[in-house]
Every structure is written in C-alpha cells, then in structure tokens.
$ cat structure.txt   # compact mmCIF, N, CA and C atoms and all ligand atoms
# COMPACT_ATOMS: atom_id res chain seq x y z
N MET A 634 13.66 -8.50 -10.10
CA MET A 634 13.83 -8.35 -11.54
C MET A 634 12.83 -7.34 -12.08
N THR A 635 13.30 -6.42 -12.92
CA THR A 635 12.38 -5.44 -13.49
C THR A 635 11.46 -6.11 -14.49
N GLU A 636 10.16 -5.87 -14.33
CA GLU A 636 9.15 -6.48 -15.20
C GLU A 636 8.16 -5.42 -15.64
N GLN A 637 7.39 -5.78 -16.65
CA GLN A 637 6.24 -4.96 -17.03
C GLN A 637 4.98 -5.81 -16.88
N THR A 638 3.88 -5.17 -16.49
CA THR A 638 2.60 -5.86 -16.39
C THR A 638 1.52 -5.02 -17.03
N LEU A 639 0.52 -5.69 -17.61
CA LEU A 639 -0.59 -4.98 -18.25
C LEU A 639 -1.73 -4.86 -17.24
N VAL A 640 -2.17 -3.65 -17.02
CA VAL A 640 -3.28 -3.39 -16.10
C VAL A 640 -4.44 -2.81 -16.89
N LEU A 641 -5.65 -3.29 -16.64
CA LEU A 641 -6.85 -2.66 -17.18
C LEU A 641 -7.67 -2.14 -16.02
N ILE A 642 -8.12 -0.88 -16.12
CA ILE A 642 -9.18 -0.39 -15.23
C ILE A 642 -10.45 -0.58 -16.03
N LYS A 643 -11.27 -1.53 -15.60
CA LYS A 643 -12.42 -1.98 -16.38
C LYS A 643 -13.53 -0.92 -16.38
N PRO A 644 -14.56 -1.13 -17.23
CA PRO A 644 -15.63 -0.12 -17.32
C PRO A 644 -16.24 0.26 -15.98
N ASP A 645 -16.36 -0.69 -15.05
CA ASP A 645 -16.93 -0.33 -13.74
C ASP A 645 -16.02 0.62 -12.97
N GLY A 646 -14.71 0.39 -13.07
CA GLY A 646 -13.76 1.27 -12.39
C GLY A 646 -13.74 2.67 -12.98
N VAL A 647 -13.84 2.74 -14.32
CA VAL A 647 -13.85 4.05 -14.98
C VAL A 647 -15.13 4.79 -14.63
N GLU A 648 -16.28 4.09 -14.76
CA GLU A 648 -17.57 4.74 -14.51
C GLU A 648 -17.71 5.21 -13.07
N ARG A 649 -17.10 4.49 -12.15
CA ARG A 649 -17.22 4.87 -10.74
C ARG A 649 -16.17 5.89 -10.30
N GLY A 650 -15.36 6.37 -11.24
CA GLY A 650 -14.41 7.43 -10.92
C GLY A 650 -13.21 6.94 -10.13
N LEU A 651 -12.78 5.68 -10.39
CA LEU A 651 -11.69 5.11 -9.61
C LEU A 651 -10.34 5.13 -10.33
N ILE A 652 -10.28 5.80 -11.50
CA ILE A 652 -9.01 5.82 -12.26
C ILE A 652 -7.89 6.40 -11.39
N GLY A 653 -8.14 7.55 -10.79
CA GLY A 653 -7.11 8.23 -10.01
C GLY A 653 -6.66 7.38 -8.82
N ASP A 654 -7.62 6.76 -8.15
CA ASP A 654 -7.28 5.95 -6.98
C ASP A 654 -6.40 4.76 -7.37
N VAL A 655 -6.78 4.08 -8.47
CA VAL A 655 -6.01 2.91 -8.90
C VAL A 655 -4.60 3.33 -9.30
N ILE A 656 -4.49 4.41 -10.07
CA ILE A 656 -3.16 4.85 -10.51
C ILE A 656 -2.33 5.31 -9.30
N ALA A 657 -2.97 5.98 -8.35
CA ALA A 657 -2.23 6.42 -7.15
C ALA A 657 -1.66 5.22 -6.40
N ARG A 658 -2.43 4.14 -6.30
CA ARG A 658 -1.94 2.95 -5.59
C ARG A 658 -0.75 2.33 -6.32
N ILE A 659 -0.83 2.31 -7.66
CA ILE A 659 0.28 1.77 -8.46
C ILE A 659 1.54 2.60 -8.23
N GLU A 660 1.38 3.92 -8.24
CA GLU A 660 2.55 4.80 -8.08
C GLU A 660 3.09 4.75 -6.65
N ARG A 661 2.20 4.70 -5.67
CA ARG A 661 2.66 4.65 -4.27
C ARG A 661 3.43 3.38 -3.99
N LYS A 662 3.05 2.30 -4.69
CA LYS A 662 3.76 1.02 -4.51
C LYS A 662 5.21 1.13 -5.00
N GLY A 663 5.43 2.09 -5.93
CA GLY A 663 6.77 2.28 -6.47
C GLY A 663 6.91 1.87 -7.92
N LEU A 664 5.77 1.46 -8.51
CA LEU A 664 5.82 1.10 -9.93
C LEU A 664 5.71 2.36 -10.78
N ARG A 665 6.24 2.27 -11.99
CA ARG A 665 6.26 3.40 -12.92
C ARG A 665 5.24 3.11 -14.02
N ILE A 666 4.54 4.16 -14.46
CA ILE A 666 3.61 4.00 -15.58
C ILE A 666 4.41 4.17 -16.88
N ALA A 667 4.48 3.09 -17.69
CA ALA A 667 5.27 3.13 -18.92
C ALA A 667 4.42 3.43 -20.15
N ALA A 668 3.10 3.22 -20.04
CA ALA A 668 2.16 3.54 -21.13
C ALA A 668 0.78 3.62 -20.51
N LEU A 669 -0.09 4.46 -21.10
CA LEU A 669 -1.44 4.61 -20.53
C LEU A 669 -2.37 5.19 -21.57
N GLU A 670 -3.56 4.60 -21.67
CA GLU A 670 -4.53 5.12 -22.64
C GLU A 670 -5.95 4.75 -22.24
N LEU A 671 -6.88 5.71 -22.42
CA LEU A 671 -8.31 5.42 -22.29
C LEU A 671 -8.77 4.88 -23.63
N ARG A 672 -9.39 3.71 -23.61
CA ARG A 672 -9.67 3.06 -24.89
C ARG A 672 -11.00 2.31 -24.89
N GLN A 673 -11.74 2.41 -25.99
CA GLN A 673 -12.92 1.58 -26.21
C GLN A 673 -12.46 0.28 -26.86
N VAL A 674 -12.63 -0.83 -26.17
CA VAL A 674 -12.09 -2.10 -26.67
C VAL A 674 -13.02 -2.71 -27.70
N THR A 675 -12.44 -3.26 -28.77
CA THR A 675 -13.24 -4.01 -29.75
C THR A 675 -13.44 -5.44 -29.24
N THR A 676 -14.46 -6.09 -29.79
CA THR A 676 -14.72 -7.49 -29.42
C THR A 676 -13.53 -8.36 -29.82
N GLU A 677 -12.86 -8.00 -30.93
CA GLU A 677 -11.70 -8.78 -31.40
C GLU A 677 -10.57 -8.75 -30.38
N VAL A 678 -10.22 -7.55 -29.95
CA VAL A 678 -9.13 -7.42 -28.96
C VAL A 678 -9.54 -8.07 -27.64
N ALA A 679 -10.79 -7.87 -27.23
CA ALA A 679 -11.26 -8.45 -25.96
C ALA A 679 -11.20 -9.98 -26.02
N SER A 680 -11.58 -10.55 -27.15
CA SER A 680 -11.55 -12.03 -27.28
C SER A 680 -10.13 -12.55 -27.21
N GLU A 681 -9.20 -11.83 -27.82
CA GLU A 681 -7.80 -12.25 -27.75
C GLU A 681 -7.25 -12.10 -26.35
N HIS A 682 -7.59 -10.97 -25.73
CA HIS A 682 -7.10 -10.72 -24.37
C HIS A 682 -7.55 -11.84 -23.43
N TYR A 683 -8.83 -12.25 -23.54
CA TYR A 683 -9.39 -13.24 -22.63
C TYR A 683 -9.46 -14.64 -23.27
N ALA A 684 -8.60 -14.92 -24.27
CA ALA A 684 -8.66 -16.19 -25.01
C ALA A 684 -8.64 -17.41 -24.09
N GLU A 685 -7.89 -17.33 -23.00
CA GLU A 685 -7.78 -18.51 -22.11
C GLU A 685 -9.11 -18.84 -21.42
N HIS A 686 -10.06 -17.88 -21.43
CA HIS A 686 -11.36 -18.11 -20.79
C HIS A 686 -12.46 -18.46 -21.79
N ALA A 687 -12.06 -18.71 -23.06
CA ALA A 687 -13.05 -18.88 -24.14
C ALA A 687 -14.09 -19.96 -23.86
N GLU A 688 -13.70 -21.00 -23.14
CA GLU A 688 -14.65 -22.11 -22.87
C GLU A 688 -15.45 -21.91 -21.59
N ARG A 689 -15.16 -20.84 -20.86
CA ARG A 689 -15.84 -20.66 -19.56
C ARG A 689 -17.25 -20.15 -19.76
N PRO A 690 -18.17 -20.52 -18.86
CA PRO A 690 -19.58 -20.11 -19.03
C PRO A 690 -19.77 -18.59 -18.99
N PHE A 691 -18.84 -17.87 -18.34
CA PHE A 691 -19.01 -16.42 -18.21
C PHE A 691 -18.34 -15.63 -19.34
N PHE A 692 -17.79 -16.36 -20.35
CA PHE A 692 -16.99 -15.68 -21.38
C PHE A 692 -17.78 -14.60 -22.13
N ASN A 693 -19.01 -14.92 -22.58
CA ASN A 693 -19.78 -13.93 -23.35
C ASN A 693 -20.12 -12.71 -22.51
N ASP A 694 -20.50 -12.95 -21.26
CA ASP A 694 -20.81 -11.82 -20.36
C ASP A 694 -19.56 -10.96 -20.15
N LEU A 695 -18.41 -11.62 -20.06
CA LEU A 695 -17.15 -10.91 -19.85
C LEU A 695 -16.84 -10.01 -21.05
N LEU A 696 -17.01 -10.56 -22.26
CA LEU A 696 -16.76 -9.76 -23.47
C LEU A 696 -17.73 -8.59 -23.57
N GLU A 697 -19.00 -8.87 -23.27
CA GLU A 697 -20.02 -7.82 -23.35
C GLU A 697 -19.68 -6.69 -22.36
N PHE A 698 -19.27 -7.08 -21.18
CA PHE A 698 -18.97 -6.09 -20.15
C PHE A 698 -17.73 -5.25 -20.51
N ILE A 699 -16.67 -5.92 -20.94
CA ILE A 699 -15.39 -5.21 -21.14
C ILE A 699 -15.46 -4.29 -22.37
N THR A 700 -16.42 -4.59 -23.30
CA THR A 700 -16.59 -3.75 -24.48
C THR A 700 -17.73 -2.74 -24.32
N SER A 701 -18.35 -2.70 -23.13
CA SER A 701 -19.56 -1.88 -22.95
C SER A 701 -19.25 -0.39 -22.80
N ALA A 702 -18.05 -0.03 -22.42
CA ALA A 702 -17.68 1.37 -22.16
C ALA A 702 -16.15 1.41 -22.09
N PRO A 703 -15.57 2.61 -22.15
CA PRO A 703 -14.10 2.68 -22.18
C PRO A 703 -13.42 2.06 -20.95
N VAL A 704 -12.22 1.54 -21.21
CA VAL A 704 -11.34 1.05 -20.14
C VAL A 704 -10.07 1.91 -20.16
N VAL A 705 -9.34 1.91 -19.07
CA VAL A 705 -7.99 2.46 -19.08
C VAL A 705 -7.03 1.28 -19.16
N ALA A 706 -6.21 1.28 -20.19
CA ALA A 706 -5.16 0.26 -20.32
C ALA A 706 -3.84 0.93 -19.97
N LEU A 707 -3.04 0.27 -19.17
CA LEU A 707 -1.73 0.84 -18.83
C LEU A 707 -0.70 -0.26 -18.63
N VAL A 708 0.54 0.11 -18.80
CA VAL A 708 1.66 -0.78 -18.51
C VAL A 708 2.37 -0.22 -17.29
N ALA A 709 2.47 -1.04 -16.24
CA ALA A 709 3.21 -0.66 -15.04
C ALA A 709 4.52 -1.44 -15.02
N GLU A 710 5.55 -0.77 -14.56
CA GLU A 710 6.91 -1.33 -14.70
C GLU A 710 7.66 -1.19 -13.38
N GLY A 711 8.47 -2.18 -13.06
CA GLY A 711 9.31 -2.09 -11.87
C GLY A 711 9.68 -3.46 -11.37
N GLU A 712 10.37 -3.50 -10.22
CA GLU A 712 10.75 -4.76 -9.58
C GLU A 712 9.53 -5.63 -9.34
N ARG A 713 9.53 -6.83 -9.83
CA ARG A 713 8.43 -7.79 -9.60
C ARG A 713 7.06 -7.17 -9.84
N ALA A 714 6.94 -6.41 -10.94
CA ALA A 714 5.71 -5.65 -11.21
C ALA A 714 4.48 -6.56 -11.32
N ILE A 715 4.67 -7.79 -11.84
CA ILE A 715 3.50 -8.66 -12.07
C ILE A 715 2.88 -9.08 -10.72
N PRO A 716 3.65 -9.72 -9.82
CA PRO A 716 3.03 -10.05 -8.52
C PRO A 716 2.71 -8.81 -7.69
N ALA A 717 3.49 -7.74 -7.87
CA ALA A 717 3.23 -6.53 -7.07
C ALA A 717 1.85 -5.97 -7.40
N PHE A 718 1.49 -5.94 -8.70
CA PHE A 718 0.15 -5.40 -9.00
C PHE A 718 -0.93 -6.38 -8.56
N ARG A 719 -0.66 -7.68 -8.68
CA ARG A 719 -1.68 -8.65 -8.24
C ARG A 719 -1.93 -8.54 -6.73
N GLN A 720 -0.88 -8.19 -6.00
CA GLN A 720 -1.06 -7.94 -4.56
C GLN A 720 -1.94 -6.71 -4.34
N LEU A 721 -1.69 -5.65 -5.12
CA LEU A 721 -2.51 -4.44 -4.98
C LEU A 721 -3.97 -4.72 -5.34
N ALA A 722 -4.19 -5.56 -6.38
CA ALA A 722 -5.55 -5.82 -6.87
C ALA A 722 -6.34 -6.67 -5.89
N GLY A 723 -5.69 -7.67 -5.27
CA GLY A 723 -6.41 -8.64 -4.45
C GLY A 723 -6.99 -9.75 -5.31
N GLY A 724 -7.57 -10.77 -4.68
CA GLY A 724 -8.09 -11.94 -5.40
C GLY A 724 -9.25 -11.60 -6.33
N THR A 725 -9.53 -12.52 -7.26
CA THR A 725 -10.53 -12.25 -8.30
C THR A 725 -11.91 -11.96 -7.72
N ASP A 726 -12.33 -12.74 -6.73
CA ASP A 726 -13.63 -12.50 -6.09
C ASP A 726 -13.45 -11.41 -5.03
N PRO A 727 -14.07 -10.26 -5.23
CA PRO A 727 -13.80 -9.10 -4.36
C PRO A 727 -14.23 -9.27 -2.91
N VAL A 728 -15.12 -10.23 -2.66
CA VAL A 728 -15.59 -10.43 -1.29
C VAL A 728 -14.92 -11.64 -0.64
N GLU A 729 -14.91 -12.77 -1.36
CA GLU A 729 -14.39 -14.01 -0.76
C GLU A 729 -12.86 -14.08 -0.79
N LYS A 730 -12.22 -13.44 -1.79
CA LYS A 730 -10.77 -13.62 -1.98
C LYS A 730 -9.93 -12.37 -1.76
N ALA A 731 -10.50 -11.20 -2.04
CA ALA A 731 -9.68 -9.97 -1.95
C ALA A 731 -9.76 -9.40 -0.54
N ALA A 732 -8.61 -9.16 0.06
CA ALA A 732 -8.58 -8.63 1.42
C ALA A 732 -8.90 -7.13 1.42
N PRO A 733 -9.46 -6.63 2.53
CA PRO A 733 -9.60 -5.18 2.67
C PRO A 733 -8.23 -4.53 2.50
N GLY A 734 -8.22 -3.36 1.90
CA GLY A 734 -6.94 -2.69 1.64
C GLY A 734 -6.46 -2.90 0.22
N THR A 735 -7.03 -3.93 -0.45
CA THR A 735 -6.70 -4.13 -1.86
C THR A 735 -7.75 -3.39 -2.71
N ILE A 736 -7.45 -3.21 -4.01
CA ILE A 736 -8.37 -2.49 -4.88
C ILE A 736 -9.73 -3.20 -4.92
N ARG A 737 -9.72 -4.51 -5.20
CA ARG A 737 -10.99 -5.24 -5.28
C ARG A 737 -11.64 -5.38 -3.91
N GLY A 738 -10.82 -5.59 -2.89
CA GLY A 738 -11.35 -5.73 -1.53
C GLY A 738 -12.00 -4.45 -1.04
N ASP A 739 -11.49 -3.31 -1.45
CA ASP A 739 -12.04 -2.03 -1.01
C ASP A 739 -13.24 -1.60 -1.85
N PHE A 740 -13.26 -1.96 -3.16
CA PHE A 740 -14.25 -1.34 -4.04
C PHE A 740 -15.23 -2.31 -4.69
N GLY A 741 -15.01 -3.64 -4.60
CA GLY A 741 -15.81 -4.56 -5.39
C GLY A 741 -16.78 -5.40 -4.58
N LEU A 742 -17.85 -5.84 -5.25
CA LEU A 742 -18.82 -6.76 -4.64
C LEU A 742 -19.01 -8.04 -5.45
N GLU A 743 -18.82 -7.94 -6.78
CA GLU A 743 -19.10 -9.09 -7.65
C GLU A 743 -17.87 -9.46 -8.47
N THR A 744 -17.70 -10.76 -8.73
CA THR A 744 -16.52 -11.23 -9.46
C THR A 744 -16.46 -10.65 -10.86
N GLN A 745 -17.61 -10.52 -11.52
CA GLN A 745 -17.58 -9.96 -12.88
C GLN A 745 -17.17 -8.49 -12.88
N PHE A 746 -17.56 -7.78 -11.84
CA PHE A 746 -17.30 -6.33 -11.79
C PHE A 746 -16.22 -6.08 -10.74
N ASN A 747 -15.00 -6.52 -11.09
CA ASN A 747 -13.93 -6.50 -10.07
C ASN A 747 -12.87 -5.43 -10.35
N ILE A 748 -13.29 -4.36 -11.03
CA ILE A 748 -12.55 -3.09 -11.15
C ILE A 748 -11.31 -3.14 -12.03
N VAL A 749 -10.43 -4.11 -11.79
CA VAL A 749 -9.15 -4.12 -12.52
C VAL A 749 -8.81 -5.53 -13.02
N HIS A 750 -7.95 -5.55 -14.02
CA HIS A 750 -7.30 -6.77 -14.47
C HIS A 750 -5.79 -6.54 -14.37
N GLY A 751 -5.05 -7.58 -14.03
CA GLY A 751 -3.59 -7.52 -14.07
C GLY A 751 -3.05 -8.82 -14.62
N SER A 752 -2.01 -8.75 -15.42
CA SER A 752 -1.39 -9.95 -16.00
C SER A 752 -1.03 -10.93 -14.88
N ASP A 753 -1.20 -12.26 -15.16
CA ASP A 753 -0.97 -13.23 -14.09
C ASP A 753 0.37 -13.96 -14.17
N SER A 754 1.16 -13.70 -15.21
CA SER A 754 2.47 -14.37 -15.35
C SER A 754 3.31 -13.58 -16.36
N PRO A 755 4.61 -13.83 -16.41
CA PRO A 755 5.44 -13.14 -17.42
C PRO A 755 4.98 -13.44 -18.85
N GLU A 756 4.51 -14.68 -19.08
CA GLU A 756 4.04 -15.04 -20.44
C GLU A 756 2.78 -14.25 -20.78
N SER A 757 1.84 -14.17 -19.83
CA SER A 757 0.61 -13.40 -20.08
C SER A 757 0.94 -11.93 -20.27
N ALA A 758 1.85 -11.41 -19.46
CA ALA A 758 2.20 -9.99 -19.56
C ALA A 758 2.77 -9.68 -20.94
N ALA A 759 3.66 -10.53 -21.44
CA ALA A 759 4.27 -10.29 -22.76
C ALA A 759 3.19 -10.33 -23.85
N ARG A 760 2.31 -11.31 -23.75
CA ARG A 760 1.24 -11.46 -24.75
C ARG A 760 0.28 -10.26 -24.68
N GLU A 761 -0.13 -9.87 -23.48
CA GLU A 761 -1.11 -8.80 -23.31
C GLU A 761 -0.53 -7.44 -23.69
N ILE A 762 0.73 -7.19 -23.33
CA ILE A 762 1.34 -5.90 -23.69
C ILE A 762 1.50 -5.79 -25.20
N ALA A 763 1.87 -6.91 -25.85
CA ALA A 763 1.99 -6.88 -27.32
C ALA A 763 0.63 -6.64 -27.98
N LEU A 764 -0.44 -7.14 -27.33
CA LEU A 764 -1.79 -6.94 -27.88
C LEU A 764 -2.28 -5.51 -27.69
N TRP A 765 -2.07 -4.94 -26.52
CA TRP A 765 -2.63 -3.61 -26.20
C TRP A 765 -1.71 -2.47 -26.62
N PHE A 766 -0.41 -2.68 -26.55
CA PHE A 766 0.55 -1.62 -26.87
C PHE A 766 1.62 -2.19 -27.81
N PRO A 767 1.24 -2.50 -29.06
CA PRO A 767 2.16 -3.22 -29.96
C PRO A 767 3.45 -2.47 -30.25
N HIS A 768 3.46 -1.16 -30.10
CA HIS A 768 4.68 -0.40 -30.44
C HIS A 768 5.57 -0.12 -29.23
N LEU A 769 5.14 -0.55 -28.04
CA LEU A 769 5.84 -0.12 -26.82
C LEU A 769 7.28 -0.59 -26.74
N ASN A 770 7.51 -1.86 -26.97
CA ASN A 770 8.87 -2.40 -26.77
C ASN A 770 9.60 -2.69 -28.09
N SER A 771 9.08 -2.13 -29.17
CA SER A 771 9.72 -2.42 -30.46
C SER A 771 10.65 -1.29 -30.87
P1 LIG A 801 -9.72 -10.79 -14.73
O1 LIG A 801 -8.58 -10.75 -13.80
O2 LIG A 801 -9.92 -9.68 -15.69
O3 LIG A 801 -9.67 -12.17 -15.55
C1 LIG A 801 -10.80 -12.84 -16.03
C2 LIG A 801 -12.08 -12.20 -15.58
O4 LIG A 801 -13.23 -13.00 -15.70
C3 LIG A 801 -11.98 -11.90 -14.10
O5 LIG A 801 -11.09 -10.87 -13.85
C4 LIG A 801 -13.44 -11.63 -13.76
O6 LIG A 801 -13.83 -10.30 -14.08
C5 LIG A 801 -14.14 -12.59 -14.70
N1 LIG A 801 -14.59 -13.78 -14.00
C6 LIG A 801 -13.81 -14.74 -13.46
N2 LIG A 801 -14.58 -15.68 -12.88
C7 LIG A 801 -15.86 -15.29 -13.07
C8 LIG A 801 -17.11 -15.84 -12.70
N3 LIG A 801 -17.20 -16.98 -12.03
N4 LIG A 801 -18.24 -15.16 -13.07
C9 LIG A 801 -18.15 -14.02 -13.77
N5 LIG A 801 -16.98 -13.44 -14.13
C10 LIG A 801 -15.86 -14.08 -13.79

$ encode --input "structure.txt" --output "structure tokens" --more "lines below"
Ligand code: CMP
Amino acid sequence: MTEQTLVLIKPDGVERGLIGDVIARIERKGLRIAALELRQVTTEVASEHYAEHAERPFFNDLLEFITSAPVVALVAEGERAIPAFRQLAGGTDPVEKAAPGTIRGDFGLETQFNIVHGSDSPESAAREIALWFPHLNS
C-alpha cells in the first residue's frame, strides 16, 4: 500500500554532513521524496511532535536537542513507506538495537543522538505530516 512517512534528519545528522547519505538511502530503497525542507524547529512544534514522550525523563533534553540547530524535515512516499524507512533507520539505540548497514547502526553511538526520526505508525505519520507540512495533502 502506498504510504507517506515523516522523516527528520536531526541536528546531529545535519551537523555531521549526513543529509546526502540519508537521502540517498531513502531514494535507493525506492521511496520518493514528496516534500523536503531545512528548518529551525520551534519548541512549540517540537513539543507537539514528541507529545507522546512528554512524561519521559529525557523529554526536556530531547526538546533542547531538536531545537538546538536546523533539522531536515521530509516526507517519503511509496509502498509500505513507514516500515521501509524504519528498516533503513534501524532501532532507536544505535549500538544495542540498530544493525550495521542501517543509518543509526552505521553512524550513531548514543540513543539521544540517533541521526534520524521516522514515523512509527500510519496514525503518527498522518499527525506528524499535518504538523510539519500542513499544506501538503490539502
Ligand atoms: P525518535 O525516533 O526521534 O523518537 C523519540 C526520541 O527520543 C528517540 O528517537 C531518541 O532520540 C530519544 N530517546 C528515546 N529514548 C531515549 C533515552 N532513553 N534517552 C535519551 N533519548 C531517548
């Protein structure tokens, strides 16, 4: 089924010059880029994006980090785009969960600085795409 997923290349990925590598992996997988922008995130948008983590002990650090420098926000589209990007990204912990060959497995060391975010379900994707790209599907 054709789906859309919201991908963020987080400040660590942008600062380390990994934008091209991440986008190349998305394109090589066969997904299409439907929207893309370099953006400085506000605390308001970041809080909404990560609302489900509001009670977690790392929430404030997460907001501080994601608003510390520009991110690349993009929408990737294609067959099973949501699980397909999660496969490319690898597990949240770049060492314990992400396999070599994945974005996090190849480039990450710490869970907080795990290079990319990808929507985890169709519901999250719809909510996140409406938040980051409100005019895309209207
Ligand atoms: P992401 O896929 O963007 O979704 C939530 C983010 O919270 C996650 O990637 C990590 O960057 C971060 N995160 C999750 N668990 C922890 C943790 N235990 N400590 C610090 N950051 C975390």

$ residues_near_ligand --input "structure.txt" --ligand "ligand LIG 801 (chain A)" --cutoff "5 Å" --atoms "all atoms listed in the file" --output "JSON, numbers by chain"
{"A": [744, 745, 747, 750, 751]}

$ axis_aligned_box --input "structure.txt" --around "stretch 760-767 of chain A" --padding-each-side "8 Å" --output "AutoDock Vina command-line options"
--center_x 0.4 --center_y -6.5 --center_z -26.8 --size_x 22.1 --size_y 25.8 --size_z 22.9

$ residues_around --input "structure.txt" --residues "stretch 727-737 of chain A" --least-positions-apart "5" --cutoff "8 Å" --atoms "only N, CA and C atoms" --output "ChimeraX atom specification"
/A:654-655,720-722,742-749

$ closest_residue --input "structure.txt" --among "A:Phe692, A:Ile659, A:Gln673, A:Ala702" --to "A:Pro644" --atoms "only C-alpha atoms"
A:Ala702

$ closest_residue --input "structure.txt" --among "A:Leu641, A:Arg649, A:Glu636, A:Arg719" --to "A:Val704" --atoms "only N, CA and C atoms"
A:Leu641

$ residues_near_point --input "structure.txt" --point "(2.8, -14.8, -10.9)" --cutoff "6.5 Å" --atoms "all atoms listed in the file" --output "PyMOL selection string"
chain A and resi 715-716+753-755

$ residues_around --input "structure.txt" --residues "A:Ile652" --least-positions-apart "6" --cutoff "8 Å" --atoms "only C-alpha atoms" --output "ChimeraX atom specification"
/A:642,646,705

$ residues_around --input "structure.txt" --residues "A:Thr638" --least-positions-apart "3" --cutoff "6 Å" --atoms "all atoms listed in the file" --output "PDB file with N, CA and C atoms, in the frame of the given file"
ATOM      1  N   LEU A 707      -3.040   0.270 -19.170  1.00  0.00           N
ATOM      2  CA  LEU A 707      -1.730   0.840 -18.830  1.00  0.00           C
ATOM      3  C   LEU A 707      -0.700  -0.260 -18.630  1.00  0.00           C
ATOM      4  N   VAL A 708       0.540   0.110 -18.800  1.00  0.00           N
ATOM      5  CA  VAL A 708       1.660  -0.780 -18.510  1.00  0.00           C
ATOM      6  C   VAL A 708       2.370  -0.220 -17.290  1.00  0.00           C
ATOM      7  N   ALA A 709       2.470  -1.040 -16.240  1.00  0.00           N
ATOM      8  CA  ALA A 709       3.210  -0.660 -15.040  1.00  0.00           C
ATOM      9  C   ALA A 709       4.520  -1.440 -15.020  1.00  0.00           C
ATOM     10  N   GLU A 710       5.550  -0.770 -14.560  1.00  0.00           N
ATOM     11  CA  GLU A 710       6.910  -1.330 -14.700  1.00  0.00           C
ATOM     12  C   GLU A 710       7.660  -1.190 -13.380  1.00  0.00           C
ATOM     13  N   ALA A 714       6.940  -6.410 -10.940  1.00  0.00           N
ATOM     14  CA  ALA A 714       5.710  -5.650 -11.210  1.00  0.00           C
ATOM     15  C   ALA A 714       4.480  -6.560 -11.320  1.00  0.00           C
ATOM     16  N   ILE A 715       4.670  -7.790 -11.840  1.00  0.00           N
ATOM     17  CA  ILE A 715       3.500  -8.660 -12.070  1.00  0.00           C
ATOM     18  C   ILE A 715       2.880  -9.080 -10.720  1.00  0.00           C
ATOM     19  N   SER A 752      -2.010  -8.750 -15.420  1.00  0.00           N
ATOM     20  CA  SER A 752      -1.390  -9.950 -16.000  1.00  0.00           C
ATOM     21  C   SER A 752      -1.030 -10.930 -14.880  1.00  0.00           C
ATOM     22  N   ALA A 758       1.850 -11.410 -19.460  1.00  0.00           N
ATOM     23  CA  ALA A 758       2.200  -9.990 -19.560  1.00  0.00           C
ATOM     24  C   ALA A 758       2.770  -9.680 -20.940  1.00  0.00           C
TER      25      ALA A 758
END

$ select_by_dssp --input "structure.txt" --residues "chain A" --states "strand (DSSP E)" --output "list in words"
Thr635, Glu636, Gln637, Thr638, Leu639, Val640, Leu641, Ile642, Arg665, Ile666, Ala667, Ala668, Leu669, Glu670, Leu671, Arg672, Val704, Val705, Ala706, Leu707, Val708, Ala709, Glu710, Gly711, Glu712, Val749, His750 and Gly751 of chain A

$ atom_distance --input "structure.txt" --atom1 "atom CA of A:Glu712" --atom2 "atom CA of A:Met634"
5.1 Å

$ select_by_dssp --input "structure.txt" --residues "stretch 651-738 of chain A" --states "helix (DSSP H, G or I)" --output "count of residues only"
41

$ atom_distance --input "structure.txt" --atom1 "atom CA of A:Asp694" --atom2 "atom CA of A:Ala668"
27.6 Å

$ atom_distance --input "structure.txt" --atom1 "atom CA of A:Val647" --atom2 "atom CA of A:Gly663"
22.4 Å

$ closest_residue --input "structure.txt" --among "A:Phe766, A:Glu670, A:Gly723, A:Asp645" --to "A:Asp739" --atoms "only N, CA and C atoms"
A:Gly723

$ closest_residue --input "structure.txt" --among "A:Asp726, A:Glu761, A:His768, A:Glu756" --to "A:Ser680" --atoms "only C-alpha atoms"
A:Glu761
